Amino acid sequence: NFTNDDGVSQECENLISSLASEKSFTGKKLYNYQGSWYHPNTLQAILNFKKHFQARDSDIILASLPKSGTTWLKALAFAVVHRNKYAANLVSHPLLSDNPHNLVRFLELDLYVKNQRPDLEELPSPRLFATHMPFQTLHESLRDSPCKVVYVCRNVKDVLVSRWHFRSKLVSNYSLEDTVDEFIKGAYSFGPFHDQVLSYWKESLVNSNPVLFMRYEEMIEKPVAQVMRLADFLGCSFTDEEKQAGTVEKILDLCSLGNLSSLEANKTGTSTCGIAHHAFFRKGGVGDWKNHLTDGMARKLDEMIEKKLEGSGLKF
Ligand code: A3P
């Protein structure tokens with residue numbers, strides 16, 4: 001399988017040549033595949049994933065747009081699923097010594113990048129993976145497996161501000177105005193926001209595929225109820241004894257932004273997807289956009305989202 005210097009195969013080159021393209025802020029080209037925008041190396045990883053991933057019925061896939069609460073959901077799902085193996089308050093818990101992104105790895109941004117063919121057969125069930133792909137692309141690759149998908153979404157304006165903070169550390173001259181323009185246009189990695197959110201929202205409303213739709217704001221507002229909802233969906237509900245023993249609260253404490261960001265393991269090092277661990281933690285919470293966006297920017301985004309989500313029953 002021929003690959004060029006960027007690790008992109010001839011097959012991927014051929015696909016790319018048939019796709020609509022746009023220039024990203026950095027001048028690199030993005031390509032629209034099945035409704036989402038990607039850089040060529042991510043597209044190659046998606047092709048690798050589609051070709052080689054063998055879903056197991058017990059698999060759990062955590063999906064999101066970047067900056068929507070992915071790190072939190074990874075930590076919570078890992079802690080919930082493995083709670084019998086590692087008690088949440090023990091010093092040996094993997095979340096105390098490793099970053100959530102290394103414990104629940106991204107399919108298209110980590111496991112299948114650079115033409116890697118990870119051996120995932122050895123992993124014990126249930127396997128936990130993560131993705132930023134929209135539902136239609138993910139689902140095609142699951143080959144009708146009934147595995148569970150959990151999607152987390154967040155208010156678009158907080159996602160935008162979070163992305164701006166995150167990206168401006170990596171890319172110089174990345175202004176808030178540029179970020180707003182990107183969101184309005186929709187052409188950024190894994191965008192547009194509304195198409196991805198709707199892909200999972202619609203799926204969560206029908207019974208054919210198990211998709212749990214979670215909202216970052218609801219997790220902040222009612223964390224105990226949301227973690228119990230997550231456990232119910234994953235088929236490992238908390239028992240009355242666990243509830244009385246405060247297991248849910250212990251998991252929430254372990255996975256809190258304050259706790260995770262204070263750990264040495266998250267202050268240093270780089271994740272298997274190539275990002276410094278500390279970059280995944282900032283302020284958290286709801287409504288930081290009010291400290292950054294002008295009224296005009298907020299109005300523009302609200303109008304756009306309202307129009308795009310019209311008739312879907314989904315509101316931000
Ligand atoms: P802010 O930039 O608004 O602070 P993702 O994990 O999808 O990349 O999203 C990152 C956002 O989630 C950042 O938001 C980050 O601070 C916040 N976050 C990270 N870990 C969190 C946690 N354990 N609890 C709540 N929010 C968290």
# chains A, B, ... in the order shown; residues from 1 in each chain; ligands from 1

call {"tool": "residues_around", "arguments": {"residues": "segment 218-227 of chain A", "least_positions_apart": "4", "cutoff": "7 Å", "atoms": "only C-alpha atoms", "output": "list of chain:residue names"}}
result
A:Ala231, A:Val248, A:Glu249, A:Gly285

call {"tool": "write_last_selection", "arguments": {"atoms": "all heavy atoms", "output": "PDB file, in the first residue's frame"}}
result
ATOM      1  N   ALA A 231     -24.195   5.039  33.971  1.00  0.00           N
ATOM      2  CA  ALA A 231     -24.009   3.648  34.406  1.00  0.00           C
ATOM      3  C   ALA A 231     -25.191   2.778  33.990  1.00  0.00           C
ATOM      4  O   ALA A 231     -24.997   1.642  33.525  1.00  0.00           O
ATOM      5  CB  ALA A 231     -23.836   3.612  35.932  1.00  0.00           C
ATOM      6  N   VAL A 248     -20.839   6.848  43.902  1.00  0.00           N
ATOM      7  CA  VAL A 248     -21.022   7.805  42.788  1.00  0.00           C
ATOM      8  C   VAL A 248     -20.227   9.080  43.080  1.00  0.00           C
ATOM      9  O   VAL A 248     -19.486   9.585  42.217  1.00  0.00           O
ATOM     10  CB  VAL A 248     -22.524   8.144  42.577  1.00  0.00           C
ATOM     11  CG1 VAL A 248     -22.700   9.045  41.379  1.00  0.00           C
ATOM     12  CG2 VAL A 248     -23.346   6.882  42.440  1.00  0.00           C
ATOM     13  N   GLU A 249     -20.356   9.552  44.305  1.00  0.00           N
ATOM     14  CA  GLU A 249     -19.655  10.794  44.692  1.00  0.00           C
ATOM     15  C   GLU A 249     -18.139  10.600  44.639  1.00  0.00           C
ATOM     16  O   GLU A 249     -17.407  11.511  44.246  1.00  0.00           O
ATOM     17  CB  GLU A 249     -20.073  11.241  46.104  1.00  0.00           C
ATOM     18  CG  GLU A 249     -21.487  11.803  46.202  1.00  0.00           C
ATOM     19  CD  GLU A 249     -22.585  10.736  46.283  1.00  0.00           C
ATOM     20  OE1 GLU A 249     -22.253   9.531  46.218  1.00  0.00           O
ATOM     21  OE2 GLU A 249     -23.756  11.118  46.394  1.00  0.00           O
ATOM     22  N   GLY A 285     -16.799  24.298  33.518  1.00  0.00           N
ATOM     23  CA  GLY A 285     -18.004  25.027  33.900  1.00  0.00           C
ATOM     24  C   GLY A 285     -18.800  25.534  32.713  1.00  0.00           C
ATOM     25  O   GLY A 285     -18.487  25.244  31.554  1.00  0.00           O
TER      26      GLY A 285
END

call {"tool": "select_by_dssp", "arguments": {"residues": "segment 51-194 of chain A", "states": "alpha helix (DSSP H)", "output": "PyMOL selection string"}}
result
chain A and resi 51-52+70-81+94-97+100-103+135-142+156-168+176-185+193-194

call {"tool": "residues_around", "arguments": {"residues": "Arg105 of chain A", "least_positions_apart": "2", "cutoff": "12 Å", "atoms": "only C-alpha atoms", "output": "count of residues only"}}
result
33

call {"tool": "residues_around", "arguments": {"residues": "Leu160 of chain A", "least_positions_apart": "5", "cutoff": "10 Å", "atoms": "only C-alpha atoms", "output": "ChimeraX atom specification"}}
result
/A:66-68,154-155,165-166,176,179-180,182-183,193,289,293,301

call {"tool": "write_last_selection", "arguments": {"atoms": "C-alpha atoms", "output": "PDB file, in the first residue's frame"}}
result
ATOM      1  CA  PRO A  66     -13.313  18.465  20.667  1.00  0.00           C
ATOM      2  CA  LYS A  67     -13.730  20.732  23.715  1.00  0.00           C
ATOM      3  CA  SER A  68     -17.150  19.406  24.652  1.00  0.00           C
ATOM      4  CA  ARG A 154     -21.738  21.301  25.098  1.00  0.00           C
ATOM      5  CA  ASN A 155     -23.028  24.785  24.395  1.00  0.00           C
ATOM      6  CA  HIS A 165      -7.854  28.943  24.288  1.00  0.00           C
ATOM      7  CA  PHE A 166      -6.606  25.477  23.342  1.00  0.00           C
ATOM      8  CA  LEU A 176     -11.264  34.867  18.672  1.00  0.00           C
ATOM      9  CA  THR A 179     -12.536  31.069  15.667  1.00  0.00           C
ATOM     10  CA  VAL A 180     -15.978  32.642  15.287  1.00  0.00           C
ATOM     11  CA  GLU A 182     -14.505  29.085  11.515  1.00  0.00           C
ATOM     12  CA  PHE A 183     -17.624  28.122  13.443  1.00  0.00           C
ATOM     13  CA  PHE A 193     -20.785  21.611  15.151  1.00  0.00           C
ATOM     14  CA  TRP A 289     -18.137  32.559  26.702  1.00  0.00           C
ATOM     15  CA  LEU A 293     -17.474  36.908  23.113  1.00  0.00           C
ATOM     16  CA  LEU A 301     -23.612  32.158  16.690  1.00  0.00           C
TER      17      LEU A 301
END

call {"tool": "residues_near_ligand", "arguments": {"ligand": "ligand 1", "cutoff": "6 Å", "atoms": "only C-alpha atoms and all ligand atoms", "output": "list in words"}}
result
Pro66, Lys67, Ser68, Gly69, Thr70, Thr71, Trp72, Asp158, Ser162, Cys255, Ser256, Leu257, Phe280, Phe281, Arg282, Lys283 and Gly284 of chain A

call {"tool": "write_last_selection", "arguments": {"atoms": "N, CA and C atoms", "output": "mmCIF file, in the first residue's frame"}}
result
data_model
loop_
_atom_site.group_PDB
_atom_site.id
_atom_site.type_symbol
_atom_site.label_atom_id
_atom_site.label_comp_id
_atom_site.auth_asym_id
_atom_site.auth_seq_id
_atom_site.Cartn_x
_atom_site.Cartn_y
_atom_site.Cartn_z
ATOM 1 N N PRO A 66 -14.357 17.993 19.754
ATOM 2 C CA PRO A 66 -13.313 18.465 20.667
ATOM 3 C C PRO A 66 -13.815 19.655 21.496
ATOM 4 N N LYS A 67 -13.444 19.653 22.748
ATOM 5 C CA LYS A 67 -13.730 20.732 23.715
ATOM 6 C C LYS A 67 -15.158 20.710 24.263
ATOM 7 N N SER A 68 -15.771 19.537 24.173
ATOM 8 C CA SER A 68 -17.150 19.406 24.652
ATOM 9 C C SER A 68 -17.249 18.658 25.971
ATOM 10 N N GLY A 69 -16.101 18.234 26.522
ATOM 11 C CA GLY A 69 -16.145 17.453 27.756
ATOM 12 C C GLY A 69 -15.660 16.030 27.556
ATOM 13 N N THR A 70 -14.918 15.801 26.499
ATOM 14 C CA THR A 70 -14.402 14.469 26.163
ATOM 15 C C THR A 70 -13.562 13.888 27.295
ATOM 16 N N THR A 71 -12.641 14.687 27.819
ATOM 17 C CA THR A 71 -11.721 14.221 28.861
ATOM 18 C C THR A 71 -12.506 13.782 30.098
ATOM 19 N N TRP A 72 -13.493 14.571 30.464
ATOM 20 C CA TRP A 72 -14.330 14.267 31.628
ATOM 21 C C TRP A 72 -15.104 12.978 31.392
ATOM 22 N N ASP A 158 -19.405 27.943 24.471
ATOM 23 C CA ASP A 158 -18.346 27.485 25.384
ATOM 24 C C ASP A 158 -17.346 26.584 24.652
ATOM 25 N N SER A 162 -13.427 27.511 24.386
ATOM 26 C CA SER A 162 -12.474 26.490 24.835
ATOM 27 C C SER A 162 -11.497 26.162 23.708
ATOM 28 N N CYS A 255 -12.820 12.105 39.311
ATOM 29 C CA CYS A 255 -12.825 12.611 37.927
ATOM 30 C C CYS A 255 -13.010 14.119 37.833
ATOM 31 N N SER A 256 -13.051 14.803 38.968
ATOM 32 C CA SER A 256 -13.304 16.250 38.908
ATOM 33 C C SER A 256 -12.128 16.975 38.253
ATOM 34 N N LEU A 257 -12.449 18.091 37.680
ATOM 35 C CA LEU A 257 -11.426 18.914 37.019
ATOM 36 C C LEU A 257 -10.331 19.286 38.016
ATOM 37 N N PHE A 280 -5.587 19.653 28.345
ATOM 38 C CA PHE A 280 -6.992 19.221 28.356
ATOM 39 C C PHE A 280 -7.772 19.809 29.529
ATOM 40 N N PHE A 281 -7.073 20.480 30.419
ATOM 41 C CA PHE A 281 -7.744 21.017 31.618
ATOM 42 C C PHE A 281 -7.577 22.534 31.658
ATOM 43 N N ARG A 282 -8.677 23.241 31.827
ATOM 44 C CA ARG A 282 -8.573 24.690 31.944
ATOM 45 C C ARG A 282 -9.512 25.137 33.058
ATOM 46 N N LYS A 283 -10.607 25.739 32.686
ATOM 47 C CA LYS A 283 -11.496 26.344 33.682
ATOM 48 C C LYS A 283 -12.732 25.473 33.928
ATOM 49 N N GLY A 284 -13.249 24.892 32.834
ATOM 50 C CA GLY A 284 -14.464 24.083 32.924
ATOM 51 C C GLY A 284 -15.674 24.946 33.233
#

call {"tool": "residues_around", "arguments": {"residues": "Tyr31 of chain A", "least_positions_apart": "2", "cutoff": "9 Å", "atoms": "only C-alpha atoms", "output": "PDB file with N, CA and C atoms, in the first residue's frame"}}
result
ATOM      1  N   ILE A  16      -9.376  11.809  -1.605  1.00  0.00           N
ATOM      2  CA  ILE A  16      -9.221  13.252  -1.386  1.00  0.00           C
ATOM      3  C   ILE A  16      -9.491  14.039  -2.665  1.00  0.00           C
ATOM      4  N   LEU A  19     -13.051  14.984  -3.118  1.00  0.00           N
ATOM      5  CA  LEU A  19     -13.772  15.670  -2.035  1.00  0.00           C
ATOM      6  C   LEU A  19     -13.684  17.193  -2.130  1.00  0.00           C
ATOM      7  N   ALA A  20     -14.716  17.851  -1.615  1.00  0.00           N
ATOM      8  CA  ALA A  20     -14.690  19.321  -1.523  1.00  0.00           C
ATOM      9  C   ALA A  20     -13.608  19.711  -0.523  1.00  0.00           C
ATOM     10  N   SER A  21     -12.913  20.820  -0.789  1.00  0.00           N
ATOM     11  CA  SER A  21     -11.855  21.231   0.140  1.00  0.00           C
ATOM     12  C   SER A  21     -11.989  22.703   0.526  1.00  0.00           C
ATOM     13  N   GLU A  22     -11.399  23.023   1.652  1.00  0.00           N
ATOM     14  CA  GLU A  22     -11.360  24.403   2.155  1.00  0.00           C
ATOM     15  C   GLU A  22     -10.013  24.594   2.817  1.00  0.00           C
ATOM     16  N   LYS A  23      -9.535  25.841   2.844  1.00  0.00           N
ATOM     17  CA  LYS A  23      -8.286  26.087   3.565  1.00  0.00           C
ATOM     18  C   LYS A  23      -8.587  26.388   5.018  1.00  0.00           C
ATOM     19  N   LYS A  29      -5.026  22.316   4.055  1.00  0.00           N
ATOM     20  CA  LYS A  29      -6.323  22.006   3.464  1.00  0.00           C
ATOM     21  C   LYS A  29      -7.126  21.013   4.293  1.00  0.00           C
ATOM     22  N   TYR A  33     -15.581  14.892   4.168  1.00  0.00           N
ATOM     23  CA  TYR A  33     -15.895  13.486   3.981  1.00  0.00           C
ATOM     24  C   TYR A  33     -17.143  13.146   4.798  1.00  0.00           C
ATOM     25  N   SER A  36     -18.244  15.898   7.268  1.00  0.00           N
ATOM     26  CA  SER A  36     -17.331  16.503   8.244  1.00  0.00           C
ATOM     27  C   SER A  36     -16.005  16.875   7.593  1.00  0.00           C
ATOM     28  N   TRP A  37     -15.321  17.849   8.204  1.00  0.00           N
ATOM     29  CA  TRP A  37     -14.048  18.316   7.645  1.00  0.00           C
ATOM     30  C   TRP A  37     -12.861  17.666   8.343  1.00  0.00           C
ATOM     31  N   TYR A  38     -11.886  17.236   7.540  1.00  0.00           N
ATOM     32  CA  TYR A  38     -10.708  16.545   8.093  1.00  0.00           C
ATOM     33  C   TYR A  38      -9.428  16.974   7.393  1.00  0.00           C
ATOM     34  N   HIS A  39      -8.329  16.891   8.136  1.00  0.00           N
ATOM     35  CA  HIS A  39      -7.009  16.984   7.512  1.00  0.00           C
ATOM     36  C   HIS A  39      -6.691  15.604   6.926  1.00  0.00           C
ATOM     37  N   PRO A  40      -5.835  15.553   5.893  1.00  0.00           N
ATOM     38  CA  PRO A  40      -5.570  14.271   5.209  1.00  0.00           C
ATOM     39  C   PRO A  40      -5.129  13.148   6.143  1.00  0.00           C
ATOM     40  N   LEU A  43      -8.091  11.681   7.806  1.00  0.00           N
ATOM     41  CA  LEU A  43      -8.883  10.934   6.829  1.00  0.00           C
ATOM     42  C   LEU A  43      -8.256   9.556   6.583  1.00  0.00           C
ATOM     43  N   ALA A 187     -16.047  24.990   8.560  1.00  0.00           N
ATOM     44  CA  ALA A 187     -14.891  24.237   8.057  1.00  0.00           C
ATOM     45  C   ALA A 187     -13.733  24.247   9.048  1.00  0.00           C
TER      46      ALA A 187
END

call {"tool": "atom_distance", "arguments": {"atom1": "atom CA of Val211 of chain A", "atom2": "atom CA of Val150 of chain A"}}
result
5.7 Å

call {"tool": "residues_around", "arguments": {"residues": "Pro126 of chain A", "least_positions_apart": "5", "cutoff": "10 Å", "atoms": "only C-alpha atoms", "output": "list in words"}}
result
Arg56, Asp57, Ser58, Asp59, Ile60, Val81, His82, Cys147 and Leu234 of chain A

call {"tool": "decode", "arguments": {"residues": "segment 163-254 of chain A", "atoms": "C-alpha atoms", "output": "PDB file, in the first residue's frame"}}
result
ATOM      1  CA  ARG A 163     -11.179  25.745  21.342  1.00  0.00           C
ATOM      2  CA  TRP A 164      -9.789  29.250  21.014  1.00  0.00           C
ATOM      3  CA  HIS A 165      -7.854  28.943  24.288  1.00  0.00           C
ATOM      4  CA  PHE A 166      -6.606  25.477  23.342  1.00  0.00           C
ATOM      5  CA  ARG A 167      -5.618  26.325  19.760  1.00  0.00           C
ATOM      6  CA  SER A 168      -4.080  29.698  20.465  1.00  0.00           C
ATOM      7  CA  LYS A 169      -1.411  27.904  22.496  1.00  0.00           C
ATOM      8  CA  LEU A 170      -0.533  25.773  19.469  1.00  0.00           C
ATOM      9  CA  VAL A 171      -1.041  28.248  16.619  1.00  0.00           C
ATOM     10  CA  SER A 172       0.180  31.829  16.762  1.00  0.00           C
ATOM     11  CA  ASN A 173      -2.174  34.682  15.785  1.00  0.00           C
ATOM     12  CA  TYR A 174      -5.276  32.533  16.272  1.00  0.00           C
ATOM     13  CA  SER A 175      -7.792  35.183  17.244  1.00  0.00           C
ATOM     14  CA  LEU A 176     -11.264  34.867  18.672  1.00  0.00           C
ATOM     15  CA  GLU A 177     -12.589  36.483  15.485  1.00  0.00           C
ATOM     16  CA  ASP A 178     -10.930  33.705  13.445  1.00  0.00           C
ATOM     17  CA  THR A 179     -12.536  31.069  15.667  1.00  0.00           C
ATOM     18  CA  VAL A 180     -15.978  32.642  15.287  1.00  0.00           C
ATOM     19  CA  ASP A 181     -15.481  32.762  11.503  1.00  0.00           C
ATOM     20  CA  GLU A 182     -14.505  29.085  11.515  1.00  0.00           C
ATOM     21  CA  PHE A 183     -17.624  28.122  13.443  1.00  0.00           C
ATOM     22  CA  ILE A 184     -19.916  30.179  11.222  1.00  0.00           C
ATOM     23  CA  LYS A 185     -18.363  28.656   8.114  1.00  0.00           C
ATOM     24  CA  GLY A 186     -18.231  25.168   9.651  1.00  0.00           C
ATOM     25  CA  ALA A 187     -14.891  24.237   8.057  1.00  0.00           C
ATOM     26  CA  TYR A 188     -12.678  23.098  10.952  1.00  0.00           C
ATOM     27  CA  SER A 189     -11.566  19.635  12.077  1.00  0.00           C
ATOM     28  CA  PHE A 190     -14.674  17.515  12.762  1.00  0.00           C
ATOM     29  CA  GLY A 191     -16.987  20.502  12.152  1.00  0.00           C
ATOM     30  CA  PRO A 192     -19.557  21.721  11.550  1.00  0.00           C
ATOM     31  CA  PHE A 193     -20.785  21.611  15.151  1.00  0.00           C
ATOM     32  CA  HIS A 194     -24.503  21.367  14.334  1.00  0.00           C
ATOM     33  CA  ASP A 195     -24.179  18.535  11.821  1.00  0.00           C
ATOM     34  CA  GLN A 196     -22.214  16.388  14.224  1.00  0.00           C
ATOM     35  CA  VAL A 197     -24.463  17.107  17.204  1.00  0.00           C
ATOM     36  CA  LEU A 198     -27.564  16.391  15.114  1.00  0.00           C
ATOM     37  CA  SER A 199     -26.115  13.114  13.819  1.00  0.00           C
ATOM     38  CA  TYR A 200     -25.986  11.728  17.384  1.00  0.00           C
ATOM     39  CA  TRP A 201     -29.101  13.517  18.622  1.00  0.00           C
ATOM     40  CA  LYS A 202     -31.274  11.958  15.896  1.00  0.00           C
ATOM     41  CA  GLU A 203     -29.801   8.536  16.560  1.00  0.00           C
ATOM     42  CA  SER A 204     -30.435   8.850  20.292  1.00  0.00           C
ATOM     43  CA  LEU A 205     -34.144   9.354  19.575  1.00  0.00           C
ATOM     44  CA  VAL A 206     -34.582   6.069  17.715  1.00  0.00           C
ATOM     45  CA  ASN A 207     -34.179   2.662  19.234  1.00  0.00           C
ATOM     46  CA  SER A 208     -32.233   0.987  16.458  1.00  0.00           C
ATOM     47  CA  ASN A 209     -28.781   1.912  17.807  1.00  0.00           C
ATOM     48  CA  PRO A 210     -27.941   2.432  21.447  1.00  0.00           C
ATOM     49  CA  VAL A 211     -26.836   6.062  21.700  1.00  0.00           C
ATOM     50  CA  LEU A 212     -26.878   7.977  24.986  1.00  0.00           C
ATOM     51  CA  PHE A 213     -26.958  11.726  24.457  1.00  0.00           C
ATOM     52  CA  MET A 214     -25.358  13.628  27.333  1.00  0.00           C
ATOM     53  CA  ARG A 215     -24.910  17.342  27.878  1.00  0.00           C
ATOM     54  CA  TYR A 216     -21.938  18.883  29.630  1.00  0.00           C
ATOM     55  CA  GLU A 217     -24.204  21.474  31.266  1.00  0.00           C
ATOM     56  CA  GLU A 218     -26.439  18.766  32.766  1.00  0.00           C
ATOM     57  CA  MET A 219     -23.367  16.926  34.027  1.00  0.00           C
ATOM     58  CA  ILE A 220     -22.258  20.116  35.784  1.00  0.00           C
ATOM     59  CA  GLU A 221     -25.725  20.813  37.162  1.00  0.00           C
ATOM     60  CA  LYS A 222     -26.714  17.298  38.277  1.00  0.00           C
ATOM     61  CA  PRO A 223     -23.533  15.237  38.311  1.00  0.00           C
ATOM     62  CA  VAL A 224     -24.820  12.376  40.490  1.00  0.00           C
ATOM     63  CA  ALA A 225     -27.948  11.869  38.385  1.00  0.00           C
ATOM     64  CA  GLN A 226     -25.958  12.030  35.147  1.00  0.00           C
ATOM     65  CA  VAL A 227     -23.336   9.525  36.285  1.00  0.00           C
ATOM     66  CA  MET A 228     -26.106   7.147  37.369  1.00  0.00           C
ATOM     67  CA  ARG A 229     -27.744   7.628  33.971  1.00  0.00           C
ATOM     68  CA  LEU A 230     -24.424   6.798  32.318  1.00  0.00           C
ATOM     69  CA  ALA A 231     -24.009   3.648  34.406  1.00  0.00           C
ATOM     70  CA  ASP A 232     -27.591   2.537  33.672  1.00  0.00           C
ATOM     71  CA  PHE A 233     -26.982   2.951  29.950  1.00  0.00           C
ATOM     72  CA  LEU A 234     -23.695   1.057  30.116  1.00  0.00           C
ATOM     73  CA  GLY A 235     -25.440  -1.842  31.812  1.00  0.00           C
ATOM     74  CA  CYS A 236     -23.661  -1.447  35.148  1.00  0.00           C
ATOM     75  CA  SER A 237     -26.152   0.459  37.317  1.00  0.00           C
ATOM     76  CA  PHE A 238     -25.079   1.449  40.800  1.00  0.00           C
ATOM     77  CA  THR A 239     -26.518  -0.847  43.454  1.00  0.00           C
ATOM     78  CA  ASP A 240     -28.290   0.529  46.512  1.00  0.00           C
ATOM     79  CA  GLU A 241     -25.269  -0.466  48.591  1.00  0.00           C
ATOM     80  CA  GLU A 242     -22.972   1.468  46.285  1.00  0.00           C
ATOM     81  CA  LYS A 243     -25.236   4.513  46.414  1.00  0.00           C
ATOM     82  CA  GLN A 244     -25.316   4.385  50.203  1.00  0.00           C
ATOM     83  CA  ALA A 245     -21.551   3.979  50.351  1.00  0.00           C
ATOM     84  CA  GLY A 246     -21.138   7.145  48.264  1.00  0.00           C
ATOM     85  CA  THR A 247     -19.521   5.373  45.299  1.00  0.00           C
ATOM     86  CA  VAL A 248     -21.022   7.805  42.788  1.00  0.00           C
ATOM     87  CA  GLU A 249     -19.655  10.794  44.692  1.00  0.00           C
ATOM     88  CA  LYS A 250     -16.239   9.141  45.013  1.00  0.00           C
ATOM     89  CA  ILE A 251     -16.105   8.629  41.255  1.00  0.00           C
ATOM     90  CA  LEU A 252     -17.128  12.245  40.704  1.00  0.00           C
ATOM     91  CA  ASP A 253     -14.403  13.457  43.068  1.00  0.00           C
ATOM     92  CA  LEU A 254     -11.809  11.302  41.369  1.00  0.00           C
TER      93      LEU A 254
END
